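Engineer: My structure is below; once you've seen it, I'll send some questions.
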Amino acid sequence: MHWLVEPGFWSNPVVRTALVLGAVVAVVSAVVGVVVVVRGQSFAGHALTDVAMAGGAGASLVGASPLVGFLLAGIVGGGSIEAAGAERVRDRDVATGVVLGAAAGLTALFLYFVSSSTSATGSTQSVLFGSVFTVSPSVVPLSVVVAVVTLVTLLGVRRPLLLSSLSPELAAARGVRPRVMGLTFVLVLAASVALSALVIGAILSTALLVGPASAALRVARGLVGATLGAIVAGVAAVELGIVLSYDSFYWNAAHRSVPVSACVVAVVLVEVAGSTAWSRWRRGRG
Amino acid sequence: MGCEPLTGGRRELVHVHDLEVSLGGRTVLTGVDFRIAEGEFVGLIGTNGSGKTTLLRSILGLQATAAGEVVVAGREGRRGGPVGYVPQRVAFDHDVPVRVADFVALGVDGTRLGLARRGRGVHERVEEVLASLELGGLAARRIGALSGGEQQRVLMAHALASRPRLLLLDEPLANLDLPRVHETIALLDRVRRAEGVAVVLSAHEIGPLVPVMDRVVYIAQGRVACGTTAEVVRPEVLSALYGHHVDVLNVHGRVVVVEGEPGDPGAHPEVVVR
């Protein structure tokens with residue numbers, strides 16, 4: 001294993017926390033991401049990362065836990081996207097854009113206050129790009145609870161949610177309320193973005209949400225296969241990203257490590273490129 | 001103008017009573033009144049824009065109504081009744097990762113919340129419906145990859161999967177060539193007898209439906225005329241419905257409806273009845 005993992009990796013408690021938290025976050029992002037891709041809501045997913053940024057910045061301003069900030073902001077932001085966005089896709093897009101803009105503005109404001117009022121120079125960095133190696137182990141239990149609640153909720157509504165994603169009209173005719181489904185899902189999405197913002201940062205959480213899911217959807221034929229594939233791809237990206245980031249400390253004489261988020265996103269991009277190439281090759285063979 | 005009450009021990013399934021619907025300030029349907037019995041095959045005939053889809057959506061409970069009521073299986077104006085619905089088009093993305101069998105299964109349990117896995121009964125019902133619609137070979141294909149005609153049959157299977165008592169189809173014949181039109185009608189007739197389901201099918205041509213139809217609901221100018229083909233497709237009935245003179249001609253054993261004055265900008269296409 002020495003060729004892959006540099007010395008001290010497994011005995012390091014910070015690394016162990018990172019690996020556990022990373023796996024939890026990757027599973028949630030992958031499962032939620034499959035639904036995001038099927039519903040065509042990548043834009044909402046991205047807007048919620050900006051919302052999470054605002055929440056994270058607000059949390060560091062008042063000294064609260066970043067996860068709490070991410071979550072609260074996500075619930076408010078996601079709720080407003082669904083409340084303002086009407087039936088039509090274009091209206092939803094506009095509402096998403098407005099929420100995104102407002103959130104980005106708040107983020108700028110909060111980060112300005114943070115950087116001018118405290119000496120916590122690292123908080124901007126950690127809100128934007130995450131810092132799984134600096135996450136306090138005390139956040140892990142809450143993260144796991146949020147992850148479990150998110151997954152159980154999604155699993156519980158999966159059939160009406162899928163039906164209303166495929167055709168709001170058919171779902172409504174059967175007595176499903178597409179808007180209730182939309183609101184439920186956007187809250188699930190907000191929780192998922194909050195979790196991944198913790199690990200790889202708000203800006204890059206879209207990559208972890210959409211990347212493994214879209215890679216798996218290119219390869220698998222059914223939804224169950226795609227979800228399992230996305231879980232494997234997501235967990236692999238996060239764990240491998242953590243290993244690479246840790247190892248990169250030894251790659252140069254100056255011992256400047258590559259951030260975890262950059263490593264994770266790099267692996268995700270390789271997965272997406274690989275699955276695209278594979279599905280093209282398969283289609284080419286008929 | 002309304003329909004005769006049901007006679008001869010037929011059980012009422014749908015009662016549309018004095019229905020009025022406005023869309024964007026324009027009255028689309030007014031004084032619409034008819035009944036449908038269990039197991040009937042009803043053709044809803046009218047030109048494009050005559051309000052067929054609005055009427056179907058009213059029966060589904062998807063349409064806000066200005067006046068009147070719609071009672072389906074004894075319940076008024078509620079969604080989620082024992083009704084299957086096949087819209088004219090559902091635009092599935094080409095690469096949506098849902099197999100035909102899974103989509104049809106959503107017809108059974110698509111409203112069900114909870115963590116439980118799909119039971120064996122659902123899978124058996126899906127196989128049964130796919131077989132009766134001659135779709136068994138497509139079960140493992142992705143829905144988005146199918147042709148328009150195949151997707152429409154899958155939508156029918158989805159609608160039938162929950163064993164509805166009423167099946168509503170919005171213009172299912174619109175984009176089919178004539179052999180496929182007859183094939184689809186024959187299939188629907190077989191299925192409704194096998195499943196004991198009433199069928200309401202909207203179309204702008206009455207002709208191909210005449211052999212299987214129990215009754216016709218003819219819709220024009222926001223109003224309806226209802227009865228058997230022989231009762232409705234007559235000059236005096238259709239003239240009253242359209243509000244001006246309509247001819248019904250017998251040509252070589254086929255009935256031809258000629259509607260509208262020559263040069264009348266509102267003239268509708270001819271309706272041919274065999």
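Chain lettering (A, B, ...) mirrors the order of the structure tokens, residue numbering begins at 1 for each chain separately, and ligand numbering begins at 1 in order of display.
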For chain A, report every residue with an atom at most 6 Å from chain B (counting only C-alpha atoms), formatted as a PyMOL selection string.
Structural biologist: chain A and resi 156-157+159-160+173-175+221-223
Engineer: Using the selection just defined, write its residues with C-alpha atoms as an mmCIF file, in the first residue's frame.
Structural biologist:
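Output file selection15.cif is given in full below:
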```
data_model
loop_
_atom_site.group_PDB
_atom_site.id
_atom_site.type_symbol
_atom_site.label_atom_id
_atom_site.label_comp_id
_atom_site.auth_asym_id
_atom_site.auth_seq_id
_atom_site.Cartn_x
_atom_site.Cartn_y
_atom_site.Cartn_z
ATOM 1 C CA GLY A 156 -39.893 7.436 1.430
ATOM 2 C CA VAL A 157 -41.126 9.776 -1.306
ATOM 3 C CA ARG A 159 -42.214 6.813 -6.109
ATOM 4 C CA PRO A 160 -44.469 9.913 -6.127
ATOM 5 C CA ALA A 173 -54.177 13.165 -12.179
ATOM 6 C CA ARG A 174 -53.348 10.387 -9.723
ATOM 7 C CA GLY A 175 -53.689 12.710 -6.735
ATOM 8 C CA ARG A 221 -29.806 1.469 -17.692
ATOM 9 C CA GLY A 222 -32.210 1.613 -14.755
ATOM 10 C CA LEU A 223 -32.528 3.930 -11.765
#
```
Engineer: Taking the DSSP assignment computed from this structure's backbone, write out as a list in words all residues of range 40-205 of chain B that belong to strand (DSSP E or B).
Structural biologist: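 Taking range 40-205 of chain B and keeping strand (DSSP E or B) only, one gets Phe41, Val42, Gly43, Leu44, Ile45, Ala67, Gly68, Glu69, Val70, Val71, Val72, Arg75, Glu76, Val83, Gly84, Tyr85, Val86, Arg99, Arg142, Leu166, Leu167, Leu168, Leu169, Ala198, Val199, Val200, Leu201, Ser202 and Ala203 of chain B.
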Engineer: Counting only C-alpha atoms, give me one row per residue of range 167-281 of chain A with an atom at most 10 Å from an atom of range 130-143 of chain A, showing the shortest contact pair and its distance in Å to one decimal, sorted by chain then residue number, as a tab-separated table.
Structural biologist:
```
residue	atom	partner	partner_atom	distance
A:Ala191	CA	A:Ser143	CA	9.8
A:Ala194	CA	A:Ser143	CA	9.4
A:Leu195	CA	A:Ser143	CA	6.8
A:Ser196	CA	A:Gly130	CA	8.4
A:Ala197	CA	A:Gly130	CA	6.1
A:Leu198	CA	A:Gly130	CA	5.5
A:Val199	CA	A:Val132	CA	4.6
A:Ile200	CA	A:Gly130	CA	4.3
A:Gly201	CA	A:Gly130	CA	3.4
A:Ala202	CA	A:Gly130	CA	6.9
A:Ile203	CA	A:Gly130	CA	8.7
A:Leu204	CA	A:Gly130	CA	8.5
A:Ser205	CA	A:Gly130	CA	9.1
A:Ile242	CA	A:Val132	CA	8.5
A:Ser245	CA	A:Phe133	CA	9.9
A:Tyr246	CA	A:Phe133	CA	9.4
A:Pro259	CA	A:Ser131	CA	8.0
A:Val260	CA	A:Ser131	CA	7.2
A:Ser261	CA	A:Gly130	CA	6.8
```
Engineer: Dump N, CA and C atoms for the selected residues as a compact mmCIF listing (two decimals), in the first residue's frame?
Structural biologist:
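Contents of the output file again-v4.txt:
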```txt
# COMPACT_ATOMS: atom_id res chain seq x y z
N ALA A 191 -30.26 20.00 2.15
CA ALA A 191 -29.53 19.27 3.19
C ALA A 191 -28.30 18.60 2.59
N ALA A 194 -25.67 21.16 1.93
CA ALA A 194 -25.07 21.58 3.19
C ALA A 194 -23.99 20.60 3.62
N LEU A 195 -24.28 19.30 3.49
CA LEU A 195 -23.30 18.28 3.89
C LEU A 195 -22.05 18.35 3.02
N SER A 196 -22.25 18.48 1.70
CA SER A 196 -21.05 18.45 0.88
C SER A 196 -20.28 19.76 0.96
N ALA A 197 -20.99 20.86 1.28
CA ALA A 197 -20.28 22.12 1.48
C ALA A 197 -19.28 21.99 2.63
N LEU A 198 -19.65 21.18 3.60
CA LEU A 198 -18.78 20.95 4.76
C LEU A 198 -17.47 20.29 4.34
N VAL A 199 -17.57 19.38 3.37
CA VAL A 199 -16.40 18.56 3.02
C VAL A 199 -15.58 19.19 1.90
N ILE A 200 -16.25 19.55 0.80
CA ILE A 200 -15.45 20.09 -0.31
C ILE A 200 -15.79 21.54 -0.61
N GLY A 201 -16.59 22.16 0.26
CA GLY A 201 -16.86 23.57 0.10
C GLY A 201 -18.10 23.83 -0.72
N ALA A 202 -18.69 24.99 -0.50
CA ALA A 202 -19.96 25.30 -1.14
C ALA A 202 -19.80 25.36 -2.66
N ILE A 203 -18.75 26.02 -3.11
CA ILE A 203 -18.61 26.24 -4.56
C ILE A 203 -18.52 24.93 -5.31
N LEU A 204 -17.80 23.95 -4.74
CA LEU A 204 -17.52 22.74 -5.49
C LEU A 204 -18.54 21.63 -5.23
N SER A 205 -19.53 21.90 -4.35
CA SER A 205 -20.43 20.80 -4.01
C SER A 205 -21.31 20.40 -5.19
N ILE A 242 -9.21 12.43 -0.86
CA ILE A 242 -8.58 12.63 0.46
C ILE A 242 -7.18 12.04 0.47
N SER A 245 -4.86 14.22 -1.62
CA SER A 245 -4.55 15.47 -0.95
C SER A 245 -3.53 15.24 0.16
N TYR A 246 -3.73 14.15 0.91
CA TYR A 246 -2.80 13.83 1.99
C TYR A 246 -1.42 13.55 1.44
N PRO A 259 -5.37 21.10 -2.02
CA PRO A 259 -6.59 21.01 -1.20
C PRO A 259 -7.42 19.78 -1.57
N VAL A 260 -8.13 19.25 -0.55
CA VAL A 260 -8.98 18.08 -0.76
C VAL A 260 -10.00 18.32 -1.87
N SER A 261 -10.62 19.52 -1.84
CA SER A 261 -11.71 19.76 -2.78
C SER A 261 -11.20 19.67 -4.22
```
Engineer: So which residues touch range 171-173 of chain B within 7 Å, counting only C-alpha atoms, skipping near sequence neighbours fewer than 2 positions away, as an mmCIF file with C-alpha atoms, in the first residue's frame?
Structural biologist:
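Okay, this is what ended up in around20.cif:
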```cif
data_model
loop_
_atom_site.group_PDB
_atom_site.id
_atom_site.type_symbol
_atom_site.label_atom_id
_atom_site.label_comp_id
_atom_site.auth_asym_id
_atom_site.auth_seq_id
_atom_site.Cartn_x
_atom_site.Cartn_y
_atom_site.Cartn_z
ATOM 1 C CA GLN B 88 -51.822 13.414 -25.785
ATOM 2 C CA LEU B 169 -57.383 8.961 -23.680
ATOM 3 C CA ASN B 175 -50.476 10.864 -35.137
ATOM 4 C CA LEU B 176 -51.137 7.339 -36.361
ATOM 5 C CA VAL B 181 -55.599 3.666 -36.023
ATOM 6 C CA LEU B 201 -61.427 8.543 -26.162
ATOM 7 C CA SER B 202 -61.170 11.985 -27.723
ATOM 8 C CA ALA B 203 -60.716 12.304 -31.473
#
```
Engineer: Let's see if you can do this: from backbone DSSP, list all helix (DSSP H, G or I) residues in range 154-268 of chain B, as a PyMOL selection string.
Structural biologist: chain B and resi 154-160+178-195+207-209+229-232+235-242
Engineer: Please produce a file of those selected residues containing N, CA and C atoms, as a CSV table (one decimal), in the first residue's frame.
Structural biologist:
```
chain,number,residue,atom,x,y,z
B,154,VAL,N,-47.1,2.5,-24.0
B,154,VAL,CA,-46.6,2.4,-22.6
B,154,VAL,C,-47.4,3.3,-21.6
B,155,LEU,N,-47.8,4.5,-22.1
B,155,LEU,CA,-48.7,5.3,-21.3
B,155,LEU,C,-50.0,4.7,-21.0
B,156,MET,N,-50.6,3.9,-22.0
B,156,MET,CA,-51.8,3.2,-21.8
B,156,MET,C,-51.6,2.1,-20.8
B,157,ALA,N,-50.5,1.4,-20.9
B,157,ALA,CA,-50.2,0.4,-19.9
B,157,ALA,C,-50.1,1.0,-18.5
B,158,HIS,N,-49.4,2.1,-18.4
B,158,HIS,CA,-49.3,2.9,-17.1
B,158,HIS,C,-50.7,3.2,-16.6
B,159,ALA,N,-51.5,3.7,-17.5
B,159,ALA,CA,-52.9,4.1,-17.0
B,159,ALA,C,-53.7,3.0,-16.6
B,160,LEU,N,-53.5,1.8,-17.2
B,160,LEU,CA,-54.4,0.6,-16.9
B,160,LEU,C,-53.9,-0.1,-15.7
B,178,LEU,N,-53.5,5.1,-40.9
B,178,LEU,CA,-54.9,4.5,-40.8
B,178,LEU,C,-54.8,3.0,-40.3
B,179,PRO,N,-53.9,2.2,-40.8
B,179,PRO,CA,-53.8,0.8,-40.2
B,179,PRO,C,-53.6,0.8,-38.7
B,180,ARG,N,-52.7,1.7,-38.3
B,180,ARG,CA,-52.4,1.8,-36.8
B,180,ARG,C,-53.6,2.3,-36.1
B,181,VAL,N,-54.4,3.2,-36.7
B,181,VAL,CA,-55.6,3.7,-36.0
B,181,VAL,C,-56.5,2.5,-35.7
B,182,HIS,N,-56.8,1.7,-36.8
B,182,HIS,CA,-57.7,0.5,-36.6
B,182,HIS,C,-57.2,-0.5,-35.6
B,183,GLU,N,-55.9,-0.7,-35.7
B,183,GLU,CA,-55.2,-1.6,-34.7
B,183,GLU,C,-55.4,-1.1,-33.3
B,184,THR,N,-55.1,0.2,-33.1
B,184,THR,CA,-55.2,0.7,-31.7
B,184,THR,C,-56.6,0.6,-31.2
B,185,ILE,N,-57.6,1.0,-32.0
B,185,ILE,CA,-59.0,0.9,-31.6
B,185,ILE,C,-59.4,-0.5,-31.2
B,186,ALA,N,-59.0,-1.5,-32.1
B,186,ALA,CA,-59.3,-2.9,-31.8
B,186,ALA,C,-58.7,-3.3,-30.5
B,187,LEU,N,-57.4,-2.9,-30.3
B,187,LEU,CA,-56.7,-3.2,-29.0
B,187,LEU,C,-57.4,-2.7,-27.8
B,188,LEU,N,-57.8,-1.4,-27.9
B,188,LEU,CA,-58.5,-0.7,-26.8
B,188,LEU,C,-59.8,-1.4,-26.5
B,189,ASP,N,-60.5,-1.9,-27.5
B,189,ASP,CA,-61.8,-2.5,-27.3
B,189,ASP,C,-61.6,-3.9,-26.6
B,190,ARG,N,-60.6,-4.6,-27.1
B,190,ARG,CA,-60.2,-5.9,-26.4
B,190,ARG,C,-59.9,-5.7,-24.9
B,191,VAL,N,-59.1,-4.7,-24.7
B,191,VAL,CA,-58.6,-4.4,-23.3
B,191,VAL,C,-59.8,-4.0,-22.4
B,192,ARG,N,-60.7,-3.1,-23.0
B,192,ARG,CA,-61.7,-2.7,-22.1
B,192,ARG,C,-62.7,-3.8,-21.7
B,193,ARG,N,-62.9,-4.7,-22.7
B,193,ARG,CA,-63.7,-5.9,-22.3
B,193,ARG,C,-63.0,-6.8,-21.3
B,194,ALA,N,-61.7,-7.0,-21.5
B,194,ALA,CA,-60.9,-7.9,-20.6
B,194,ALA,C,-60.9,-7.3,-19.2
B,195,GLU,N,-60.7,-6.0,-19.1
B,195,GLU,CA,-60.5,-5.3,-17.8
B,195,GLU,C,-61.8,-4.8,-17.3
B,207,GLY,N,-65.2,8.6,-37.7
B,207,GLY,CA,-65.3,7.4,-38.5
B,207,GLY,C,-64.7,6.1,-38.0
B,208,PRO,N,-63.4,6.0,-37.6
B,208,PRO,CA,-62.9,4.7,-37.3
B,208,PRO,C,-63.4,4.2,-36.0
B,209,LEU,N,-64.1,5.1,-35.2
B,209,LEU,CA,-64.6,4.6,-33.8
B,209,LEU,C,-66.0,4.0,-33.9
B,229,THR,N,-74.4,6.9,-32.2
B,229,THR,CA,-74.1,7.6,-33.4
B,229,THR,C,-75.3,8.0,-34.2
B,230,ALA,N,-76.3,7.0,-34.3
B,230,ALA,CA,-77.5,7.3,-35.1
B,230,ALA,C,-78.3,8.4,-34.5
B,231,GLU,N,-78.3,8.6,-33.2
B,231,GLU,CA,-79.0,9.7,-32.5
B,231,GLU,C,-78.4,11.0,-32.8
B,232,VAL,N,-77.0,11.1,-32.7
B,232,VAL,CA,-76.3,12.4,-32.7
B,232,VAL,C,-76.0,12.8,-34.1
B,235,PRO,N,-78.6,15.8,-39.2
B,235,PRO,CA,-78.5,17.2,-39.5
B,235,PRO,C,-79.1,18.1,-38.4
B,236,GLU,N,-80.3,17.8,-37.9
B,236,GLU,CA,-80.9,18.7,-37.0
B,236,GLU,C,-80.2,18.8,-35.6
B,237,VAL,N,-79.6,17.6,-35.2
B,237,VAL,CA,-78.9,17.7,-33.9
B,237,VAL,C,-77.6,18.4,-34.1
B,238,LEU,N,-76.8,18.1,-35.2
B,238,LEU,CA,-75.5,18.8,-35.3
B,238,LEU,C,-75.7,20.3,-35.7
B,239,SER,N,-76.8,20.6,-36.4
B,239,SER,CA,-77.0,22.0,-36.8
B,239,SER,C,-77.3,22.8,-35.5
B,240,ALA,N,-78.1,22.2,-34.6
B,240,ALA,CA,-78.4,22.9,-33.3
B,240,ALA,C,-77.1,23.0,-32.5
B,241,LEU,N,-76.2,22.0,-32.6
B,241,LEU,CA,-75.0,22.1,-31.8
B,241,LEU,C,-74.1,23.2,-32.3
B,242,TYR,N,-73.9,23.2,-33.6
B,242,TYR,CA,-73.0,24.2,-34.2
B,242,TYR,C,-73.6,25.5,-34.3
```
Engineer: Residues near Gly136 in chain B, anyone? I mean within 12 Å using only C-alpha atoms, not counting same-chain ones fewer than 2 positions away, as a list of chain:residue names.
Structural biologist: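 The filter keeps B:Val100, B:Ala101, B:Val104, B:Val126, B:Glu127, B:Glu128, B:Val129, B:Leu130, B:Ala131, B:Ser132, B:Leu133, B:Glu134, B:Leu138, B:Ala139, B:Ala140, B:Arg141, B:Glu150, B:Arg153, B:Val154, B:Ala157.
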Engineer: The selected residues should be written to file as a JSON list (two decimals), in the first residue's frame (atoms: C-alpha atoms).
Structural biologist:
```
[["chain", "number", "residue", "atom", "x", "y", "z"],
["B", 100, "VAL", "CA", -40.75, 0.54, -19.38],
["B", 101, "ALA", "CA", -41.58, -2.00, -16.66],
["B", 104, "VAL", "CA", -45.77, 0.91, -15.73],
["B", 126, "VAL", "CA", -47.06, -5.09, -14.74],
["B", 127, "GLU", "CA", -46.34, -8.26, -16.71],
["B", 128, "GLU", "CA", -50.05, -8.83, -17.22],
["B", 129, "VAL", "CA", -50.71, -5.30, -18.51],
["B", 130, "LEU", "CA", -47.64, -5.30, -20.75],
["B", 131, "ALA", "CA", -48.75, -8.61, -22.24],
["B", 132, "SER", "CA", -52.30, -7.44, -22.88],
["B", 133, "LEU", "CA", -50.99, -4.33, -24.66],
["B", 134, "GLU", "CA", -48.48, -6.45, -26.61],
["B", 138, "LEU", "CA", -40.13, -3.69, -24.47],
["B", 139, "ALA", "CA", -40.17, -4.23, -20.68],
["B", 140, "ALA", "CA", -36.44, -3.66, -20.18],
["B", 141, "ARG", "CA", -36.04, -0.74, -22.61],
["B", 150, "GLU", "CA", -44.59, 2.78, -28.51],
["B", 153, "ARG", "CA", -48.88, 2.31, -25.63],
["B", 154, "VAL", "CA", -46.63, 2.41, -22.60],
["B", 157, "ALA", "CA", -50.21, 0.38, -19.86]]
```
Engineer: Compare A:Val193, A:Ala44, A:Leu162, A:Ala213 by their minimum atom-to-atom distance to Ala226 in chain A, counting only C-alpha atoms, and give me the closest one.
Structural biologist: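 With only C-alpha atoms as the atom set, the closest residue is A:Ala213.
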Engineer: In Å, how far is it from CA of Val38 in chain A to CA of Leu155 in chain A?
Structural biologist: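 If I compute the distance from CA of Val38 in chain A to CA of Leu155 in chain A, I get 15.3 Å.
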Engineer: Can you work out the spacing between CA of Gly182 in chain A and CA of Leu170 in chain A in Å, to one decimal?
Structural biologist: 14.9 Å
Engineer: I'd like to know which of B:Asp18, B:Glu40, B:Glu12, B:Glu124 is closest to Gly74 in chain B, using only C-alpha atoms.
Structural biologist: B:Glu12
Engineer: Show which residues sit within 7 Å of Gly69 in chain A, as a ChimeraX atom specification. Count only C-alpha atoms, and ignore same-chain residues fewer than 4 positions away.
Structural biologist: /A:55-56,58-59,65,73
Engineer: Which is closer to Leu163 in chain A than all the others in A:Pro212, A:Leu61, A:Val35, A:Leu106, using only C-alpha atoms?
Structural biologist: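 Counting only C-alpha atoms, the residue closest to Leu163 in chain A is A:Val35.
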Engineer: Rounded to one decimal in Å, what is the spacing between CA of Ser164 in chain A and CA of Arg179 in chain A?
Structural biologist: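 These atoms are spaced 8.9 Å apart.
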Engineer: At a cut-off of 12 Å, using only C-alpha atoms, what residues contact Trp10 in chain A? Leave out same-chain residues fewer than 3 positions from it and give the result as a ChimeraX atom specification.
Structural biologist: /A:1-2,5-7,13-19,242-243,246
Engineer: May I have the selected residues written with C-alpha atoms, as a tab-separated table (two decimals), in the first residue's frame?
Structural biologist:
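Here's the written file result_20.tsv:
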```
chain	number	residue	atom	x	y	z
A	1	MET	CA	0.00	0.00	0.00
A	2	HIS	CA	3.01	2.31	0.36
A	5	VAL	CA	-0.73	5.93	0.85
A	6	GLU	CA	2.03	7.90	2.46
A	7	PRO	CA	3.16	7.06	6.02
A	13	PRO	CA	-7.36	10.76	13.58
A	14	VAL	CA	-7.98	13.79	11.36
A	15	VAL	CA	-7.76	11.54	8.32
A	16	ARG	CA	-10.10	8.99	9.87
A	17	THR	CA	-12.73	11.67	10.55
A	18	ALA	CA	-12.30	12.93	7.00
A	19	LEU	CA	-12.72	9.47	5.49
A	242	ILE	CA	-8.58	12.63	0.46
A	243	VAL	CA	-5.74	10.17	-0.15
A	246	TYR	CA	-2.80	13.83	1.99
```
Engineer: Residues within 7 Å of His204 in chain B, please, as a VMD selection string. Count only C-alpha atoms; anything in the same chain fewer than 5 positions from it doesn't count.
Structural biologist: chain B and resid 45 to 48
Engineer: Please, could you write that set of residues out with C-alpha atoms as an mmCIF file, in the first residue's frame?
Structural biologist:
```cif
data_model
loop_
_atom_site.group_PDB
_atom_site.id
_atom_site.type_symbol
_atom_site.label_atom_id
_atom_site.label_comp_id
_atom_site.auth_asym_id
_atom_site.auth_seq_id
_atom_site.Cartn_x
_atom_site.Cartn_y
_atom_site.Cartn_z
ATOM 1 C CA ILE B 45 -65.593 14.002 -30.898
ATOM 2 C CA GLY B 46 -64.736 17.572 -31.817
ATOM 3 C CA THR B 47 -62.341 19.696 -33.812
ATOM 4 C CA ASN B 48 -59.027 20.977 -32.465
#
```
